[in-house]
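S.K.: Data file model_14.cif (mmCIF, C-alpha atoms) is appended below.
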```cif
data_run
loop_
_atom_site.label_atom_id
_atom_site.label_comp_id
_atom_site.auth_asym_id
_atom_site.auth_seq_id
_atom_site.Cartn_x
_atom_site.Cartn_y
_atom_site.Cartn_z
CA MET J 1292 -33.26 12.41 31.76
CA VAL J 1293 -30.00 13.66 33.32
CA THR J 1294 -27.76 11.99 35.88
CA ASN J 1295 -27.74 13.18 39.46
CA LEU J 1296 -23.96 13.52 39.37
CA ASP J 1297 -24.27 17.07 38.04
CA SER J 1298 -21.84 16.06 35.29
CA ASP J 1299 -22.07 16.66 31.59
CA TYR J 1300 -23.77 13.39 30.71
CA VAL J 1301 -26.99 12.93 28.82
CA GLN J 1302 -29.07 9.80 28.32
CA VAL J 1303 -29.35 9.35 24.58
CA THR J 1304 -31.05 5.94 24.53
CA HIS J 1305 -32.54 3.72 27.20
CA GLY J 1306 -29.77 2.66 29.59
CA ARG J 1307 -26.98 4.34 27.61
CA TRP J 1308 -25.04 7.49 28.43
CA LYS J 1309 -22.66 9.52 26.33
CA LEU J 1310 -19.78 11.62 27.57
CA GLY J 1311 -20.45 15.33 27.36
CA LEU J 1312 -18.58 18.29 25.96
CA LYS J 1313 -16.40 19.43 28.83
CA ALA J 1314 -14.69 16.07 29.39
CA ARG J 1315 -14.03 15.78 25.66
CA LEU J 1316 -12.59 19.29 25.48
CA MET J 1317 -10.31 18.66 28.44
CA ALA J 1318 -9.01 15.44 26.86
CA ALA J 1319 -8.58 17.17 23.48
CA GLY J 1320 -6.51 19.95 25.02
CA TRP J 1321 -4.48 17.46 27.04
CA PHE J 1322 -3.47 15.35 24.04
CA ALA J 1323 -2.90 18.42 21.87
CA ALA J 1324 -0.40 19.64 24.47
CA ALA J 1325 1.23 16.20 24.58
CA ALA J 1326 1.57 16.20 20.78
CA CYS J 1327 3.73 19.31 21.06
CA VAL J 1328 6.58 17.13 22.39
CA PRO J 1329 7.16 15.03 19.22
CA VAL J 1330 6.22 18.06 17.10
CA PHE J 1331 8.94 20.16 18.73
CA LEU J 1332 11.55 17.41 18.34
CA THR J 1333 10.57 16.80 14.70
CA ILE J 1334 10.81 20.47 13.79
CA LEU J 1335 14.09 20.76 15.67
CA VAL J 1336 15.69 17.78 13.93
CA PHE J 1337 14.29 18.06 10.40
CA GLY J 1338 14.08 21.84 10.36
CA THR J 1339 17.70 22.20 11.42
CA ALA J 1340 18.88 19.55 8.94
CA LEU J 1341 16.96 20.95 5.98
CA GLY J 1342 17.64 24.56 6.84
CA GLY J 1343 21.34 23.95 7.38
CA GLY J 1344 21.65 22.08 4.10
CA ALA J 1345 19.81 24.63 2.00
CA GLY J 1346 20.74 27.84 3.72
CA SER J 1347 18.27 30.55 2.76
CA GLY J 1348 17.02 28.67 -0.30
CA PHE J 1349 13.60 28.00 1.19
CA GLY J 1350 10.97 30.66 0.65
CA PHE J 1351 8.33 31.88 3.01
CA GLY J 1352 5.71 29.63 1.40
CA TRP J 1353 7.83 26.55 2.03
CA VAL J 1354 8.28 27.49 5.70
CA ILE J 1355 4.51 27.90 6.10
CA TRP J 1356 3.93 24.53 4.44
CA PHE J 1357 6.53 22.86 6.66
CA LEU J 1358 5.06 24.29 9.89
CA TRP J 1359 1.52 23.54 8.74
CA LEU J 1360 2.42 19.90 8.06
CA PHE J 1361 4.66 19.19 11.04
CA ALA J 1362 2.99 21.41 13.66
CA LEU J 1363 -0.62 22.30 12.91
CA ILE J 1364 -1.70 18.97 11.39
CA PRO J 1365 -0.29 16.65 14.12
CA VAL J 1366 -1.51 18.87 16.97
CA SER J 1367 -4.98 19.20 15.45
CA ALA J 1368 -5.05 15.43 14.78
CA ALA J 1369 -4.18 14.72 18.42
CA MET J 1370 -6.84 17.20 19.49
CA LEU J 1371 -9.44 15.50 17.27
CA LEU J 1372 -8.63 11.98 18.46
CA GLY J 1373 -8.39 13.15 22.05
CA PHE J 1374 -11.83 14.70 21.65
CA ILE J 1375 -13.27 11.45 20.27
CA PHE J 1376 -11.48 8.82 22.39
CA GLY J 1377 -9.56 10.56 25.16
CA GLY J 1378 -12.61 11.45 27.22
CA ARG J 1379 -12.97 7.78 28.16
CA ILE J 1380 -10.00 8.21 30.47
CA VAL J 1381 -11.82 10.75 32.67
CA ASP J 1382 -15.22 9.05 32.42
CA PRO J 1383 -16.69 9.21 35.97
CA ILE J 1384 -19.23 6.44 35.33
CA HIS J 1385 -16.98 3.87 33.63
CA ARG J 1386 -13.82 4.48 35.62
CA SER J 1387 -10.55 3.60 33.94
CA THR J 1388 -7.30 2.19 35.31
CA GLY J 1389 -3.76 3.40 34.77
CA ARG J 1390 -3.05 0.61 32.28
CA ARG J 1391 -6.23 1.19 30.28
CA ALA J 1392 -5.59 4.94 30.30
CA ALA J 1393 -2.12 4.36 28.83
CA LEU J 1394 -3.65 2.11 26.16
CA TRP J 1395 -6.21 4.76 25.29
CA GLY J 1396 -3.35 7.25 25.05
CA THR J 1397 -1.49 5.02 22.59
CA LEU J 1398 -4.70 4.67 20.57
CA VAL J 1399 -5.03 8.45 20.35
CA ALA J 1400 -1.35 8.82 19.40
CA SER J 1401 -1.32 6.05 16.78
CA CYS J 1402 -4.54 7.22 15.10
CA SER J 1403 -3.20 10.77 15.11
CA TYR J 1404 -0.10 9.60 13.27
CA VAL J 1405 -2.25 7.79 10.70
CA LEU J 1406 -4.10 11.05 10.03
CA LEU J 1407 -0.78 12.91 9.75
CA SER J 1408 0.52 10.32 7.27
CA ALA J 1409 -2.62 10.66 5.14
CA ALA J 1410 -2.30 14.46 5.08
CA TRP J 1411 1.42 14.20 4.32
CA ALA J 1412 0.84 11.72 1.47
CA GLY J 1413 -1.77 13.95 -0.15
CA SER J 1414 0.45 16.99 0.22
CA ILE J 1415 3.50 15.30 -1.26
CA THR J 1416 1.48 13.83 -4.13
CA LEU J 1417 0.15 17.24 -5.12
CA SER J 1418 3.46 19.08 -4.77
CA SER J 1419 5.62 16.50 -6.58
CA ASN J 1420 3.51 16.08 -9.72
CA PRO J 1421 3.33 19.53 -11.36
CA TYR J 1422 3.10 18.17 -14.92
CA ARG J 1423 0.34 15.59 -14.54
CA PRO J 1424 -2.73 15.06 -12.39
CA ALA J 1425 -1.94 13.44 -9.04
CA SER J 1426 -3.44 9.96 -8.90
CA LEU J 1427 -5.04 8.12 -6.00
CA SER J 1428 -2.50 5.30 -6.37
CA ASP J 1429 0.35 7.79 -5.92
CA ALA J 1430 -1.21 9.08 -2.73
CA ALA J 1431 -1.86 5.55 -1.44
CA SER J 1432 1.73 4.48 -2.14
CA SER J 1433 3.10 7.58 -0.40
CA PHE J 1434 0.79 7.00 2.56
CA LEU J 1435 1.92 3.40 3.07
CA MET J 1436 5.58 4.29 2.65
CA LEU J 1437 5.39 7.21 5.08
CA LEU J 1438 3.39 5.18 7.57
CA PHE J 1439 5.96 2.36 7.49
CA LEU J 1440 9.09 4.51 7.61
CA GLY J 1441 7.67 6.89 10.17
CA SER J 1442 6.63 4.03 12.43
CA ILE J 1443 10.22 2.78 12.44
CA LEU J 1444 11.82 6.18 12.96
CA VAL J 1445 9.48 7.93 15.38
CA GLY J 1446 6.77 5.39 16.19
CA TRP J 1447 8.31 4.60 19.57
CA LEU J 1448 8.31 8.29 20.49
CA ILE J 1449 4.72 8.88 19.42
CA LEU J 1450 3.38 5.82 21.22
CA GLY J 1451 5.45 6.57 24.31
CA VAL J 1452 4.22 10.14 24.54
CA GLY J 1453 0.64 8.98 24.02
CA ALA J 1454 0.90 6.36 26.75
CA VAL J 1455 2.43 8.81 29.22
CA ALA J 1456 -0.19 11.45 28.37
CA GLY J 1457 -3.01 8.97 28.89
CA TYR J 1458 -1.61 7.81 32.22
CA LEU J 1459 -1.01 11.35 33.47
CA LEU J 1460 -4.54 12.34 32.48
CA TYR J 1461 -5.81 9.39 34.49
CA LEU J 1462 -3.79 10.49 37.53
CA ALA J 1463 -5.02 14.07 37.19
CA SER J 1464 -8.67 12.98 37.14
CA ARG J 1465 -8.51 10.04 39.55
CA ASP J 1466 -9.06 11.90 42.81
CA ASP J 1467 -11.36 14.62 41.49
CA PRO J 1468 -13.37 13.52 38.41
CA GLY J 1469 -15.63 16.54 38.77
CA ARG J 1470 -12.66 18.69 37.79
CA PHE J 1471 -13.17 17.48 34.24
CA VAL J 1472 -16.90 16.75 34.08
CA ASP J 1473 -18.64 19.34 36.22
CA ALA J 1474 -20.86 20.96 33.58
CA PRO J 1475 -24.62 20.61 34.10
CA GLY J 1476 -26.05 17.60 32.31
CA GLU J 1477 -28.88 19.60 30.78
CA SER J 1478 -26.33 21.48 28.63
CA VAL J 1479 -25.51 18.31 26.70
CA LYS J 1480 -27.78 17.76 23.70
CA THR J 1481 -25.86 16.55 20.65
CA PRO J 1482 -22.50 14.80 21.37
CA ASN J 1483 -22.39 13.38 17.85
CA LEU J 1484 -22.77 16.85 16.39
CA TRP J 1485 -19.72 18.03 18.35
CA ILE J 1486 -17.69 15.13 16.99
CA ALA J 1487 -18.80 15.99 13.45
CA ILE J 1488 -17.79 19.63 13.97
CA ALA J 1489 -14.38 18.56 15.31
CA MET J 1490 -13.87 16.39 12.23
CA LEU J 1491 -14.81 19.24 9.92
CA LEU J 1492 -12.30 21.54 11.62
CA PHE J 1493 -9.55 18.98 11.13
CA LEU J 1494 -10.52 18.50 7.48
CA ALA J 1495 -10.38 22.27 7.05
CA ASN J 1496 -6.78 22.20 8.29
CA CYS J 1497 -5.99 19.44 5.80
CA ALA J 1498 -7.61 21.42 3.01
CA GLY J 1499 -5.40 24.40 3.83
CA LEU J 1500 -2.32 22.16 3.66
CA LEU J 1501 -3.39 20.75 0.29
CA LEU J 1502 -3.88 24.26 -1.09
CA LEU J 1503 -0.36 25.19 0.02
CA SER J 1504 0.96 22.01 -1.63
CA MET J 1505 -0.35 22.83 -5.10
CA PRO J 1506 2.27 23.71 -7.70
CA GLY J 1507 3.31 27.32 -7.54
CA GLN J 1508 2.23 27.83 -3.92
CA ASN J 1509 5.59 26.99 -2.28
#
```
Translate this file's structure into C-alpha cells.

M.R.:
Amino acid sequence: MVTNLDSDYVQVTHGRWKLGLKARLMAAGWFAAAACVPVFLTILVFGTALGGGAGSGFGFGWVIWFLWLFALIPVSAAMLLGFIFGGRIVDPIHRSTGRRAALWGTLVASCSYVLLSAAWAGSITLSSNPYRPASLSDAASSFLMLLFLGSILVGWLILGVGAVAGYLLYLASRDDPGRFVDAPGESVKTPNLWIAIAMLLFLANCAGLLLLSMPGQN
C-alpha cells in the first residue's frame, strides 16, 4: 500500500512508514556539501602548516593519503549519516521544527566525526607501526585520543556547521516538502537495502585509506 501523497514512502509494516530514497539522497547531498566547510578549513590550516614546515618533502602518496583522510572520508561520512538520519528533517508526514532540525544536524555532524576518528585511528596505527603488527589496543587508544583532542579543537565548528545545515535544510523544505519527496511511492521497495549499500560504499572508502596507510605506500 502506498500513500496518496505521491511521495516516496512505502508501508513496510502495518501502520508504519519508512522514508524513501529521494528524501534520503537530498539530505545526504545537503550534509555532504555542509561538511565541505570544516574540510576546507582543516586542509587550509593543517595543509599550510605541514607543507610550509616540510617544504617539498612530502611525496605524492602522502598528499593522496592526506586528502583522502581529511576530504574524502569526512565528506563521505557526512553523506552516509545524512542519508541515514538527515531525511527526518524533510519528512512530510512527521514534520520537524527548526530546533529539532538543528539537533538532527548536530547528530549527523557528531556521528560523522566519530567515523572520521575511527578511520584516522586505523590509518595512523597501520602507518606508524612498520616493524610489528598493529594491535587493536593501539587503534582504540588512538581513536579515543583523537576523538578527545579533536572535540576540543574543532568540535565546536563541526557541531555548529551541522546545526546550521540542519536548520537550513528545514527552511528549504518547510514551504514545499514535495521538492524533496516527490518520487512515486511505488518506486520504494527496500529502504534498508539502500542504507546497507551506503554503508558499504563508506567502508570501501575506509578500506582505500587503510591500503594507502600501509608501510611503503606513502

S.K.: What's around Ala1368 (chain J) at 7 Å? Count all atoms listed in the file, leave out sequence neighbours fewer than 4 positions away in its own chain, and write the answer as a list of chain:residue names.

M.R.: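 Here the qualifying residues turn out to be J:Ile1364, J:Leu1372, J:Ser1403, J:Leu1406, J:Phe1493.
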
S.K.: Report the residues retrieved by the PyMOL selection byres ((chain J and resi 1404) around 12) from the displayed file, expressed as number ranges by chain.

M.R.: J: 1326, 1329-1330, 1360-1361, 1364-1372, 1397-1403, 1405-1411, 1434, 1437-1442, 1445-1450, 1453

S.K.: Could you pull out every residue with an atom within 9 Å of (-9.3, 13.8, 29.8), file coordinates, counting all atoms listed in the file, and send them as a short mmCIF file (atom, residue, chain, number, x, y, z; two decimals) with C-alpha atoms, in the coordinates of the input?

M.R.:
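Result saved to part-v1.cif:
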```
data_model
loop_
_atom_site.label_atom_id
_atom_site.label_comp_id
_atom_site.auth_asym_id
_atom_site.auth_seq_id
_atom_site.Cartn_x
_atom_site.Cartn_y
_atom_site.Cartn_z
CA ALA J 1314 -14.69 16.07 29.39
CA ARG J 1315 -14.03 15.78 25.66
CA LEU J 1316 -12.59 19.29 25.48
CA MET J 1317 -10.31 18.66 28.44
CA ALA J 1318 -9.01 15.44 26.86
CA ALA J 1319 -8.58 17.17 23.48
CA GLY J 1320 -6.51 19.95 25.02
CA TRP J 1321 -4.48 17.46 27.04
CA PHE J 1322 -3.47 15.35 24.04
CA GLY J 1373 -8.39 13.15 22.05
CA PHE J 1374 -11.83 14.70 21.65
CA GLY J 1377 -9.56 10.56 25.16
CA GLY J 1378 -12.61 11.45 27.22
CA ARG J 1379 -12.97 7.78 28.16
CA ILE J 1380 -10.00 8.21 30.47
CA VAL J 1381 -11.82 10.75 32.67
CA ASP J 1382 -15.22 9.05 32.42
CA GLY J 1457 -3.01 8.97 28.89
CA LEU J 1460 -4.54 12.34 32.48
CA TYR J 1461 -5.81 9.39 34.49
CA ALA J 1463 -5.02 14.07 37.19
CA SER J 1464 -8.67 12.98 37.14
CA PHE J 1471 -13.17 17.48 34.24
#
```

S.K.: Any idea what the distance is between CA of Ala1392 (chain J) and CA of Met1490 (chain J)?

M.R.: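 CA of Met1490 (chain J) lies at a distance of 22.9 Å from CA of Ala1392 (chain J).
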
S.K.: For Phe1357 (chain J), which residue out of J:Ser1387, J:Asn1483, J:Thr1333, J:Ser1428 is the nearest one, using all atoms listed in the file?

M.R.: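 Result for the nearest residue to Phe1357 (chain J): J:Thr1333.
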
S.K.: Have a look at CA of Gly1396 (chain J) and CA of Cys1497 (chain J) and let me know their distance in Å, one decimal.

M.R.: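 Interatomic distance, CA of Gly1396 (chain J) to CA of Cys1497 (chain J): 22.9 Å.
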
S.K.: To one decimal place in Å, what is the distance between CA of Asn1496 (chain J) and CA of Trp1359 (chain J)?

M.R.: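 That distance, rounded to one decimal, is 8.4 Å.
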
S.K.: Hey, what comes out of the PyMOL selection byres ((chain J and resi 1356) around 12) on this file? Could you write it as a short mmCIF file (atom, residue, chain, number, x, y, z; two decimals) with C-alpha atoms, in the coordinates of the input?

M.R.:
```cif
data_model
loop_
_atom_site.label_atom_id
_atom_site.label_comp_id
_atom_site.auth_asym_id
_atom_site.auth_seq_id
_atom_site.Cartn_x
_atom_site.Cartn_y
_atom_site.Cartn_z
CA PHE J 1349 13.60 28.00 1.19
CA GLY J 1350 10.97 30.66 0.65
CA PHE J 1351 8.33 31.88 3.01
CA GLY J 1352 5.71 29.63 1.40
CA TRP J 1353 7.83 26.55 2.03
CA VAL J 1354 8.28 27.49 5.70
CA ILE J 1355 4.51 27.90 6.10
CA PHE J 1357 6.53 22.86 6.66
CA LEU J 1358 5.06 24.29 9.89
CA TRP J 1359 1.52 23.54 8.74
CA LEU J 1360 2.42 19.90 8.06
CA PHE J 1361 4.66 19.19 11.04
CA ALA J 1362 2.99 21.41 13.66
CA LEU J 1363 -0.62 22.30 12.91
CA ILE J 1364 -1.70 18.97 11.39
CA ALA J 1410 -2.30 14.46 5.08
CA TRP J 1411 1.42 14.20 4.32
CA SER J 1414 0.45 16.99 0.22
CA ILE J 1415 3.50 15.30 -1.26
CA SER J 1418 3.46 19.08 -4.77
CA ASN J 1496 -6.78 22.20 8.29
CA CYS J 1497 -5.99 19.44 5.80
CA GLY J 1499 -5.40 24.40 3.83
CA LEU J 1500 -2.32 22.16 3.66
CA LEU J 1501 -3.39 20.75 0.29
CA LEU J 1502 -3.88 24.26 -1.09
CA LEU J 1503 -0.36 25.19 0.02
CA SER J 1504 0.96 22.01 -1.63
CA MET J 1505 -0.35 22.83 -5.10
CA GLN J 1508 2.23 27.83 -3.92
CA ASN J 1509 5.59 26.99 -2.28
#
```

S.K.: Quick one: 6 Å padding each side, axis-aligned, all listed atoms of region 1394-1406 of chain J - centre and edge lengths in Å to one decimal, as AutoDock Vina command-line options?

M.R.:
```
--center_x -3.2 --center_y 6.6 --center_z 18.1 --size_x 18.1 --size_y 20.9 --size_z 28.1
```

S.K.: Looking at J:Asp1466, J:Lys1313, J:Asp1429, J:His1385, which one is nearest to Leu1417 (chain J), with distances taken over only C-alpha atoms?

M.R.: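 Of J:Asp1466, J:Lys1313, J:Asp1429, J:His1385, the one nearest Leu1417 (chain J) is J:Asp1429, counting only C-alpha atoms.
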
S.K.: Counting all atoms listed in the file, which residue out of J:Ala1431, J:Ala1325, J:Ile1486, J:Met1436 sits closest to Phe1376 (chain J)?

M.R.: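 Looking at the shortest contact to Phe1376 (chain J), the residue is J:Ile1486.
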
S.K.: Go through J:Leu1494, J:Val1452, J:Leu1484, J:Ala1430 one by one, measure the shortest atom-to-atom distance of each to Ala1324 (chain J) using all atoms listed in the file, and give the residue with the smallest value.

M.R.: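 Once distances to Ala1324 (chain J) are computed over all atoms listed in the file, the minimum belongs to J:Val1452.
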
S.K.: Could you add the missing atoms to region 1479-1501 of chain J, up to N, CA and C atoms, and return them as a CSV table (one decimal), keeping the file's coordinate frame?

M.R.:
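Result file follows (result_21.csv):
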```
chain,number,residue,atom,x,y,z
J,1479,VAL,N,-26.0,19.3,27.7
J,1479,VAL,CA,-25.5,18.3,26.7
J,1479,VAL,C,-26.7,17.8,25.9
J,1480,LYS,N,-26.7,18.1,24.6
J,1480,LYS,CA,-27.8,17.8,23.7
J,1480,LYS,C,-27.4,16.9,22.5
J,1481,THR,N,-26.2,17.2,21.9
J,1481,THR,CA,-25.9,16.6,20.6
J,1481,THR,C,-24.4,16.2,20.6
J,1482,PRO,N,-23.9,15.2,21.4
J,1482,PRO,CA,-22.5,14.8,21.4
J,1482,PRO,C,-22.0,14.4,20.0
J,1483,ASN,N,-22.8,13.8,19.2
J,1483,ASN,CA,-22.4,13.4,17.8
J,1483,ASN,C,-22.2,14.6,17.0
J,1484,LEU,N,-23.0,15.6,17.2
J,1484,LEU,CA,-22.8,16.8,16.4
J,1484,LEU,C,-21.4,17.5,16.7
J,1485,TRP,N,-21.0,17.5,18.0
J,1485,TRP,CA,-19.7,18.0,18.4
J,1485,TRP,C,-18.6,17.3,17.7
J,1486,ILE,N,-18.7,15.9,17.6
J,1486,ILE,CA,-17.7,15.1,17.0
J,1486,ILE,C,-17.6,15.5,15.5
J,1487,ALA,N,-18.8,15.6,14.9
J,1487,ALA,CA,-18.8,16.0,13.4
J,1487,ALA,C,-18.1,17.3,13.2
J,1488,ILE,N,-18.4,18.3,14.1
J,1488,ILE,CA,-17.8,19.6,14.0
J,1488,ILE,C,-16.3,19.5,14.1
J,1489,ALA,N,-15.8,18.7,15.1
J,1489,ALA,CA,-14.4,18.6,15.3
J,1489,ALA,C,-13.7,18.0,14.1
J,1490,MET,N,-14.4,17.0,13.4
J,1490,MET,CA,-13.9,16.4,12.2
J,1490,MET,C,-13.8,17.4,11.1
J,1491,LEU,N,-14.8,18.2,11.0
J,1491,LEU,CA,-14.8,19.2,9.9
J,1491,LEU,C,-13.7,20.2,10.1
J,1492,LEU,N,-13.4,20.6,11.4
J,1492,LEU,CA,-12.3,21.5,11.6
J,1492,LEU,C,-11.0,20.9,11.2
J,1493,PHE,N,-10.8,19.6,11.5
J,1493,PHE,CA,-9.6,19.0,11.1
J,1493,PHE,C,-9.4,18.9,9.6
J,1494,LEU,N,-10.5,18.6,8.9
J,1494,LEU,CA,-10.5,18.5,7.5
J,1494,LEU,C,-10.2,19.9,6.9
J,1495,ALA,N,-10.7,20.9,7.5
J,1495,ALA,CA,-10.4,22.3,7.0
J,1495,ALA,C,-8.9,22.5,7.1
J,1496,ASN,N,-8.2,22.1,8.2
J,1496,ASN,CA,-6.8,22.2,8.3
J,1496,ASN,C,-6.1,21.4,7.2
J,1497,CYS,N,-6.6,20.2,6.9
J,1497,CYS,CA,-6.0,19.4,5.8
J,1497,CYS,C,-6.2,20.1,4.5
J,1498,ALA,N,-7.4,20.7,4.3
J,1498,ALA,CA,-7.6,21.4,3.0
J,1498,ALA,C,-6.7,22.6,2.8
J,1499,GLY,N,-6.4,23.3,3.9
J,1499,GLY,CA,-5.4,24.4,3.8
J,1499,GLY,C,-4.0,23.9,3.5
J,1500,LEU,N,-3.6,22.7,4.0
J,1500,LEU,CA,-2.3,22.2,3.7
J,1500,LEU,C,-2.3,21.8,2.2
J,1501,LEU,N,-3.4,21.2,1.7
J,1501,LEU,CA,-3.4,20.8,0.3
J,1501,LEU,C,-3.3,21.9,-0.6
```
